[in-house]
Amino acid sequence: MRVGVMSDTHDRLPAIAEILDRFASKGVTMVMHAGDYCSPFSLSPFHQKGMALLGVFGRNDGDRETLSAYAARGMGTEIYESPHSFDVAGKRILLVHDIGEVSARSVESHDYVVHGCSHLQGQKKVGTTLVINPGEACGWISEYTRASRTRRAISCVNCEPKSMMRIRLLIE
């Protein structure tokens with residue numbers, strides 16, 4: 001199973017659609033989103049492209065009730081309060097918008113932590129836990145424009161049975 005990881009889309013529909021196309025071309029079947037969709041219409045590319053979404057709310061997601069209702073329109077689209085913990089391929093994953101929302105003990109009790117909020121891409125090890133920030137998908141800091149195709153950060157996660165989860169950050 002191949003999972004895409006993104007955060008901080010901030011209503012940028014063209015960027016969201018392009019990233020979902022790139023994910024699909026890499027065989028991604030589900031996206032983990034670390035929050036800050038902003039408006040419910042930001043979920044429309046996920047519905048239009050039939051891409052499953054597992055996400056958490058971010059601090060700029062003001063109308064959570066409408067976001068949840070819009071998410072419910074699509075198959076496999078679920079948004080939870082942050083933080084949200086779950087298992088994929090036998091690995092414990094914590095999805096959180098702001099890493100400051102969780103304690104060090106909570107981080108260390110997971111195999112992977114995916115967060116957003118800062119808009120800055122990065123990954124680091126905390127004990128045995130891999131902490132991943134896929135960076136912004138909206139392009140506010142990276143000054144992404146469709147015409148210039150400047151740098152864009154997204155992540156793909158391979159969840160293969162009987163093997164370790166691998167993270168590959170894609171930067172173009």
# chains A, B, ... in the order shown; residues from 1 in each chain; ligands from 1
>>> residues_around(residues="region 61-73 of chain A", least_positions_apart="6", cutoff="9 Å", atoms="only C-alpha atoms", output="PDB file with C-alpha atoms, in the first residue's frame")
ATOM      1  CA  HIS A  10      -4.881  26.277   2.624  1.00  0.00           C
ATOM      2  CA  GLY A  35      -4.441  19.666   8.712  1.00  0.00           C
ATOM      3  CA  ASP A  36      -5.148  23.195   7.519  1.00  0.00           C
ATOM      4  CA  TYR A  37      -7.465  22.491   4.600  1.00  0.00           C
ATOM      5  CA  CYS A  38      -9.203  25.775   5.602  1.00  0.00           C
ATOM      6  CA  SER A  39     -12.488  25.671   3.633  1.00  0.00           C
ATOM      7  CA  PRO A  40     -14.665  22.641   2.899  1.00  0.00           C
ATOM      8  CA  PHE A  41     -14.241  23.108  -0.870  1.00  0.00           C
ATOM      9  CA  SER A  42     -10.560  22.180  -0.397  1.00  0.00           C
ATOM     10  CA  LEU A  43     -11.722  18.579  -0.147  1.00  0.00           C
ATOM     11  CA  SER A  44     -13.345  18.590  -3.603  1.00  0.00           C
ATOM     12  CA  HIS A  47     -13.669  13.523  -4.103  1.00  0.00           C
ATOM     13  CA  LEU A  53      -8.186  10.780   2.801  1.00  0.00           C
ATOM     14  CA  ILE A  79     -11.097  13.948   9.284  1.00  0.00           C
ATOM     15  CA  TYR A  80     -10.426  13.645  13.020  1.00  0.00           C
TER      16      TYR A  80
END
>>> select_by_dssp(residues="chain A", states="helix (DSSP H, G or I)", output="PyMOL selection string")
chain A and resi 13-25+40-49+64-72+99-101+104-108
>>> residues_around(residues="region 108-115 of chain A", least_positions_apart="4", cutoff="8 Å", atoms="only C-alpha atoms", output="PyMOL selection string")
chain A and resi 5+7+34+91-99+104+126-134
>>> select_by_dssp(residues="chain A", states="strand (DSSP E or B)", output="ChimeraX atom specification")
/A:2-7,30-33,52-56,77-80,84-88,91-96,112-115,122-126,129-133,136,153-158,166-171
>>> residues_around(residues="Lys49 (chain A)", least_positions_apart="2", cutoff="9 Å", atoms="only C-alpha atoms", output="list in words")
Ala17, Leu20, Asp21, Ala24, Ser44, Pro45, Phe46, His47 and Met51 of chain A
>>> closest_residue(among="A:Gly4, A:Ala137, A:Val107, A:Ala52", to="Lys125 (chain A)", atoms="only C-alpha atoms")
A:Val107
>>> decode(residues="region 2-146 of chain A", atoms="C-alpha atoms", output="compact mmCIF listing (two decimals), in the first residue's frame")
# COMPACT_ATOMS: atom_id res chain seq x y z
CA ARG A 2 1.35 3.40 -0.93
CA VAL A 3 0.21 6.40 1.13
CA GLY A 4 0.73 10.08 0.34
CA VAL A 5 1.48 12.52 3.13
CA MET A 6 0.66 16.22 2.93
CA SER A 7 -0.23 19.21 5.08
CA ASP A 8 -1.20 22.85 4.96
CA THR A 9 -3.12 23.00 1.68
CA HIS A 10 -4.88 26.28 2.62
CA ASP A 11 -7.58 26.29 -0.09
CA ARG A 12 -5.10 26.10 -3.01
CA LEU A 13 -7.23 23.95 -5.32
CA PRO A 14 -4.82 23.86 -8.30
CA ALA A 15 -1.95 22.81 -6.02
CA ILE A 16 -4.09 20.16 -4.31
CA ALA A 17 -5.27 18.73 -7.64
CA GLU A 18 -1.74 18.64 -9.04
CA ILE A 19 -0.35 16.92 -5.95
CA LEU A 20 -3.14 14.33 -6.05
CA ASP A 21 -2.31 13.67 -9.72
CA ARG A 22 1.35 13.20 -8.79
CA PHE A 23 0.39 10.87 -5.96
CA ALA A 24 -1.83 8.82 -8.28
CA SER A 25 1.02 8.55 -10.82
CA LYS A 26 3.19 7.07 -8.02
CA GLY A 27 0.54 4.49 -7.10
CA VAL A 28 -0.72 6.28 -3.98
CA THR A 29 -4.19 5.10 -2.94
CA MET A 30 -4.66 7.07 0.28
CA VAL A 31 -3.47 10.43 1.61
CA MET A 32 -2.71 11.32 5.23
CA HIS A 33 -3.26 15.06 5.68
CA ALA A 34 -1.89 16.85 8.77
CA GLY A 35 -4.44 19.67 8.71
CA ASP A 36 -5.15 23.19 7.52
CA TYR A 37 -7.46 22.49 4.60
CA CYS A 38 -9.20 25.78 5.60
CA SER A 39 -12.49 25.67 3.63
CA PRO A 40 -14.67 22.64 2.90
CA PHE A 41 -14.24 23.11 -0.87
CA SER A 42 -10.56 22.18 -0.40
CA LEU A 43 -11.72 18.58 -0.15
CA SER A 44 -13.35 18.59 -3.60
CA PRO A 45 -10.18 17.43 -5.46
CA PHE A 46 -10.05 14.35 -3.19
CA HIS A 47 -13.67 13.52 -4.10
CA GLN A 48 -13.23 14.29 -7.81
CA LYS A 49 -10.14 12.09 -8.09
CA GLY A 50 -11.48 9.31 -5.86
CA MET A 51 -8.50 9.60 -3.49
CA ALA A 52 -9.07 8.31 0.05
CA LEU A 53 -8.19 10.78 2.80
CA LEU A 54 -7.33 10.28 6.46
CA GLY A 55 -6.68 13.62 8.10
CA VAL A 56 -6.78 15.78 11.19
CA PHE A 57 -7.98 19.32 11.67
CA GLY A 58 -5.46 22.15 11.79
CA ARG A 59 -5.67 25.49 13.56
CA ASN A 60 -6.92 27.28 10.40
CA ASP A 61 -9.82 24.88 9.90
CA GLY A 62 -12.47 27.15 11.39
CA ASP A 63 -15.71 25.49 10.28
CA ARG A 64 -15.02 21.95 11.37
CA GLU A 65 -18.66 20.91 11.25
CA THR A 66 -18.99 21.82 7.58
CA LEU A 67 -15.59 20.30 6.78
CA SER A 68 -16.74 17.05 8.41
CA ALA A 69 -20.04 17.13 6.50
CA TYR A 70 -18.23 17.78 3.20
CA ALA A 71 -15.76 14.98 3.99
CA ALA A 72 -18.68 12.58 4.58
CA ARG A 73 -19.81 13.13 0.96
CA GLY A 74 -16.84 11.15 -0.34
CA MET A 75 -15.91 7.50 0.07
CA GLY A 76 -12.96 6.98 2.36
CA THR A 77 -12.70 10.61 3.47
CA GLU A 78 -12.30 10.98 7.24
CA ILE A 79 -11.10 13.95 9.28
CA TYR A 80 -10.43 13.64 13.02
CA GLU A 81 -9.52 15.97 15.83
CA SER A 82 -5.77 16.37 16.21
CA PRO A 83 -3.92 14.33 17.36
CA HIS A 84 -5.16 11.03 15.93
CA SER A 85 -3.39 7.70 16.42
CA PHE A 86 -3.88 4.62 14.23
CA ASP A 87 -2.14 1.52 12.86
CA VAL A 88 -1.05 0.87 9.27
CA ALA A 89 0.68 -2.38 8.32
CA GLY A 90 1.46 -3.07 11.98
CA LYS A 91 3.07 0.34 12.56
CA ARG A 92 1.72 2.92 15.02
CA ILE A 93 1.25 6.32 13.40
CA LEU A 94 0.37 9.61 15.06
CA LEU A 95 -1.13 12.27 12.82
CA VAL A 96 -1.09 15.73 14.38
CA HIS A 97 -1.22 19.26 13.04
CA ASP A 98 1.04 21.04 15.53
CA ILE A 99 3.76 18.83 17.00
CA GLY A 100 3.58 21.02 20.12
CA GLU A 101 0.15 19.48 20.85
CA VAL A 102 1.69 16.18 21.93
CA SER A 103 4.08 15.13 24.66
CA ALA A 104 7.47 13.55 24.07
CA ARG A 105 6.10 10.36 25.60
CA SER A 106 3.30 10.27 23.03
CA VAL A 107 5.77 10.81 20.19
CA GLU A 108 8.03 8.02 21.43
CA SER A 109 5.10 5.57 21.72
CA HIS A 110 4.61 5.65 17.93
CA ASP A 111 6.70 4.37 15.04
CA TYR A 112 5.92 7.44 12.94
CA VAL A 113 4.61 10.93 13.66
CA VAL A 114 3.32 13.05 10.77
CA HIS A 115 2.75 16.73 11.47
CA GLY A 116 2.40 20.05 9.70
CA CYS A 117 1.77 23.59 10.93
CA SER A 118 5.23 25.14 10.34
CA HIS A 119 5.01 24.82 6.52
CA LEU A 120 8.64 23.65 6.61
CA GLN A 121 9.61 20.22 5.36
CA GLY A 122 11.75 18.01 7.55
CA GLN A 123 12.22 14.67 9.18
CA LYS A 124 14.14 13.56 12.24
CA LYS A 125 14.48 10.62 14.58
CA VAL A 126 13.28 10.96 18.16
CA GLY A 127 14.45 7.78 19.82
CA THR A 128 13.12 5.09 17.49
CA THR A 129 10.32 7.30 16.14
CA LEU A 130 10.56 8.95 12.73
CA VAL A 131 8.97 12.42 12.87
CA ILE A 132 7.94 13.76 9.45
CA ASN A 133 6.75 17.17 8.35
CA PRO A 134 5.94 16.96 4.63
CA GLY A 135 6.01 20.76 4.35
CA GLU A 136 3.35 22.98 2.93
CA ALA A 137 1.34 21.86 -0.03
CA CYS A 138 -0.13 25.31 -0.67
CA GLY A 139 3.10 27.03 -1.73
CA TRP A 140 2.84 30.14 0.42
CA ILE A 141 6.46 29.89 1.62
CA SER A 142 7.89 27.98 -1.34
CA GLU A 143 6.22 30.48 -3.70
CA TYR A 144 4.91 27.67 -5.85
CA THR A 145 3.21 28.60 -9.08
CA ARG A 146 1.92 26.15 -11.63
